[in-house]
Amino acid sequence: MGATLVAAQSGADRRFEELARRFVDEFPALSPVTATQLGDHRYDGQLDEVSREARAGEAAFLRRYLEELSEMPREQLSRANQVDIALLKHSLASNLWKLEELQEWAWNPLVYTRLTGGAIYALMAREFAPLAERLSDVADRLEKMPRLLEQVRKTLRPERVPKIHAETAVRQNRGVLSILENTVKPEMGALSEQERTRLKAAMEKAAKAVQEHQKWLETELLPNARGDFRIGCDLYDRKLAFSLHTPLTRREIRRQAEREFGRRRDEMYRVAQKVYAKQYPYVEFPDNPSEAYKQAIIRAGLEVAYRDLPGGDEIVDVAGQQLAQATVFVREKNLVTVPQDPVEIIVMPEFKRGVTIAYCDSPGPLDVGQKTFYAVSPIPETWNEQQVRSFLREYNLFSIQDLTIHEAMPGHFLQLALSNRYPSTLRALLSSGPFIEGWAVYAEQMMIEQGYLDGDPRMKLINLKWLMRAITNSLMDQAIHCDGMTREAAMKLMMEGGFQEEREAALKWVRAQLTSAQLSTYFLGYQEHIDLRNQVRQAWGSLFSLKKYHDTLLSFGSPPVQFVRALMLDLPI
């Protein structure tokens with residue numbers, strides 16, 4: 001595992017590169033499931049420990065590396081290593097704070113539903129090793145599942161668990177059984193009779209443990225879940241600083257978001273006028289329209305876009321067609337280098353549902369070239385006709401275009417495929433959420449700027465609506481966790497301010513309760529990408545082209561934008 005660029009020659013660089021190699025080699029052992037997801041397959045037959053002793057060991061590990069890094073002469077390192085040491089220090093400090101101060105291990109059961117589901121899913125989703133070998137590791141992990149779930153029950157403190165987290169865990173927990181049914185059982189023929197017998201016994205043992213855990217979730221955790229989903233300003237500000245890796249404060253981010261909120265709504269009005277005028281060519285718009293008038297025209301324009309809806313069972317197929325269309329456009333316009341890595345659109349696994357409507361599941365940085373999954377959640381069977389209609393209006397054919405750009409091309413799939421090729425494995429492991437999410441939002445806007453769908457104003461209007469979603473995400477994120485924003489106020493902001501449909505807003509309210517700080521990464525990251533492109537365009541002058549800019553930008557991996565700016569413009573790190 002090459003930890004850093006080979007080019008550095010100083011003694012300080014050699015010391016840091018040796019430390020980085022040790023870190024990359026040692027830290028996957030802290031979480032075997034995470035190791036598998038990253039592409040380190042030395043621990044595929046093992047399962048995480050979530051005991052007090054395991055947490056103490058992790059804290060000691062983090063402190064040991066922080067102490068070693070404090071003795072490194074940063075100013076003597078190469079510029080690339082100056083970035084990597086900053087990222088490593090930040091990550092170590094962040095993880096130690098989460099472990100000792102945020103303490104999600106005690107109050108967030110979703111940590112464990114992701115862990116149990118991911119333990120099996122990560123082994124079966126990608127063909128990184130022969131099937132029989134992976135199934136043997138599945139059996140190993142399933143045999144350890146009862147121990148893990150017993151530890152979870154001893155670790156979680158029901159009185160600290162928010163009710164919304166307990167409710168979501170109740171829905172997600174059985175997801176591991178669907179993974180066994182859908183991905184493991186159909187492949188058992190690849191095993192010898194002896195191994196098949198072992199796997200079958202392990203599945204029965206794990207299924208019994210999962211059902212026992214389900215009963216505990218429903219009868220013990222849920223009735224006694226009394227925690228507050230709002231983490232409060234002190235924890236939120238610290239988590240925001242770690243998540244965003246920016247000197248901007250919560251209040252500064254809010255001021256930026258409020259300014260963009262007004263500016264982008266005015267832009268939506270101008271685009272909606274074009275959509276409206278196509279329907280009513282003789283309309284005369286007032287010179288000084290009221291806000292209520294603008295609101296009505298924007299809604300009228302959106303209603304035109306909402307006429308093109310997918311069928312409830314067609315979203316995955318439509319996304320696949322649009323992915324191919326977007327890929328052709330990116331290549332024809334020569335916007336950025338397109339990797340040859342495989343990508344597949346799938347129905348979202350059950351154990352991951354209930355937080356977001358779609359996500360990009362890229363292979364870990366140690367599994368470069370493996371398949372990427374663009375996962376889309378199915379419409380819940382419990383929804384009534386009105387709720388389904390609301391969802392499909394939100395995810396109309398133009399919205400699915402935007403979603404596909406964001407999650408796949410040239411958004412997350414493309415960016416992460418290129419990021420994983422950066423020579424520093426350490427940097428690939430320590431990627432920046434704002435860089436990644438910001439790039440995806442930037443990609444949405446950039447594609448429309450370049451004329452995607454022939455400049456159709458309906459697409460532009462939906463595209464702006466999605467940008468408004470990123471802005472309202474940021475406003476709502478901090479307002480909920482710091483200012484006590486109510487569900488009614490959040491719904492009004494999303495539905496009236498951001499023009500979201502009821503189902504989207506209701507799902508986002510749930511997500512905002514289940515997470516904190518992450519919803520702010522989209523807007524801030526987008527702003528940083530836009531600012532950087534403007535700065536580089538000015539610096540490069542006539543030498544600037546989008547492909548050159550994008551390829552250069554993405555060649556540095558996924559560090560915070562502030563570091564990419566320094567590297568691209570030869571500024572101090």
# chains A, B, ... in the order shown; residues from 1 in each chain; ligands from 1

call {"tool": "select_by_dssp", "arguments": {"residues": "stretch 320-410 of chain A", "states": "alpha helix (DSSP H)", "output": "PyMOL selection string"}}
result
chain A and resi 320-333+385-394+397-407

call {"tool": "residues_around", "arguments": {"residues": "stretch 65-69 of chain A", "least_positions_apart": "3", "cutoff": "12 Å", "atoms": "only C-alpha atoms", "output": "PyMOL selection string"}}
result
chain A and resi 12+15-20+22-24+26-27+58-62+72-74+82+84-96

call {"tool": "atom_distance", "arguments": {"atom1": "atom CA of A:Ala169", "atom2": "atom CA of A:Pro109"}}
result
6.1 Å

call {"tool": "residues_around", "arguments": {"residues": "A:Leu571", "least_positions_apart": "6", "cutoff": "10 Å", "atoms": "only C-alpha atoms", "output": "list in words"}}
result
Arg79, Gln562, Phe563, Val564 and Arg565 of chain A

call {"tool": "residues_around", "arguments": {"residues": "A:Ala190", "least_positions_apart": "2", "cutoff": "8 Å", "atoms": "only C-alpha atoms", "output": "ChimeraX atom specification"}}
result
/A:131-132,187-188,192

call {"tool": "write_last_selection", "arguments": {"atoms": "N, CA and C atoms", "output": "compact mmCIF listing (two decimals), in the first residue's frame"}}
result
# COMPACT_ATOMS: atom_id res chain seq x y z
N LEU A 131 -15.78 -16.19 -5.41
CA LEU A 131 -17.05 -16.25 -4.68
C LEU A 131 -16.97 -17.18 -3.48
N ALA A 132 -16.38 -18.34 -3.65
CA ALA A 132 -16.31 -19.30 -2.54
C ALA A 132 -15.55 -18.72 -1.36
N GLU A 187 -26.17 -17.90 -4.13
CA GLU A 187 -24.79 -18.23 -4.53
C GLU A 187 -24.22 -19.44 -3.80
N MET A 188 -25.00 -20.08 -2.96
CA MET A 188 -24.46 -21.15 -2.12
C MET A 188 -23.98 -22.36 -2.92
N SER A 192 -18.51 -26.13 -1.49
CA SER A 192 -18.52 -27.58 -1.28
C SER A 192 -19.64 -27.91 -0.30

call {"tool": "closest_residue", "arguments": {"among": "A:Val170, A:Leu453, A:Ile462, A:Leu567", "to": "A:Ser555", "atoms": "only C-alpha atoms"}}
result
A:Leu567

call {"tool": "residues_around", "arguments": {"residues": "stretch 517-524 of chain A", "least_positions_apart": "6", "cutoff": "7 Å", "atoms": "only C-alpha atoms", "output": "PyMOL selection string"}}
result
chain A and resi 236+239-240+243-244+433-434+437-438+441+470-471+473-474+477

call {"tool": "residues_around", "arguments": {"residues": "A:Ile120", "least_positions_apart": "5", "cutoff": "12 Å", "atoms": "only C-alpha atoms", "output": "PyMOL selection string"}}
result
chain A and resi 32-34+36-37+44-47+113-115+125-126+134-145+175-184+203+206+349+351

call {"tool": "atom_distance", "arguments": {"atom1": "atom CA of A:Pro158", "atom2": "atom CA of A:Tyr112"}}
result
14.1 Å

call {"tool": "closest_residue", "arguments": {"among": "A:Thr246, A:Asn288, A:Gln172, A:Asn463", "to": "A:Met268", "atoms": "only C-alpha atoms"}}
result
A:Asn463

call {"tool": "atom_distance", "arguments": {"atom1": "atom CA of A:Leu461", "atom2": "atom CA of A:Thr404"}}
result
16.3 Å

call {"tool": "closest_residue", "arguments": {"among": "A:Lys185, A:Glu258, A:Ala166, A:Arg469", "to": "A:Pro223", "atoms": "only C-alpha atoms"}}
result
A:Ala166

call {"tool": "closest_residue", "arguments": {"among": "A:Pro186, A:Pro560, A:Gly232, A:Pro28", "to": "A:His41", "atoms": "only C-alpha atoms"}}
result
A:Pro28
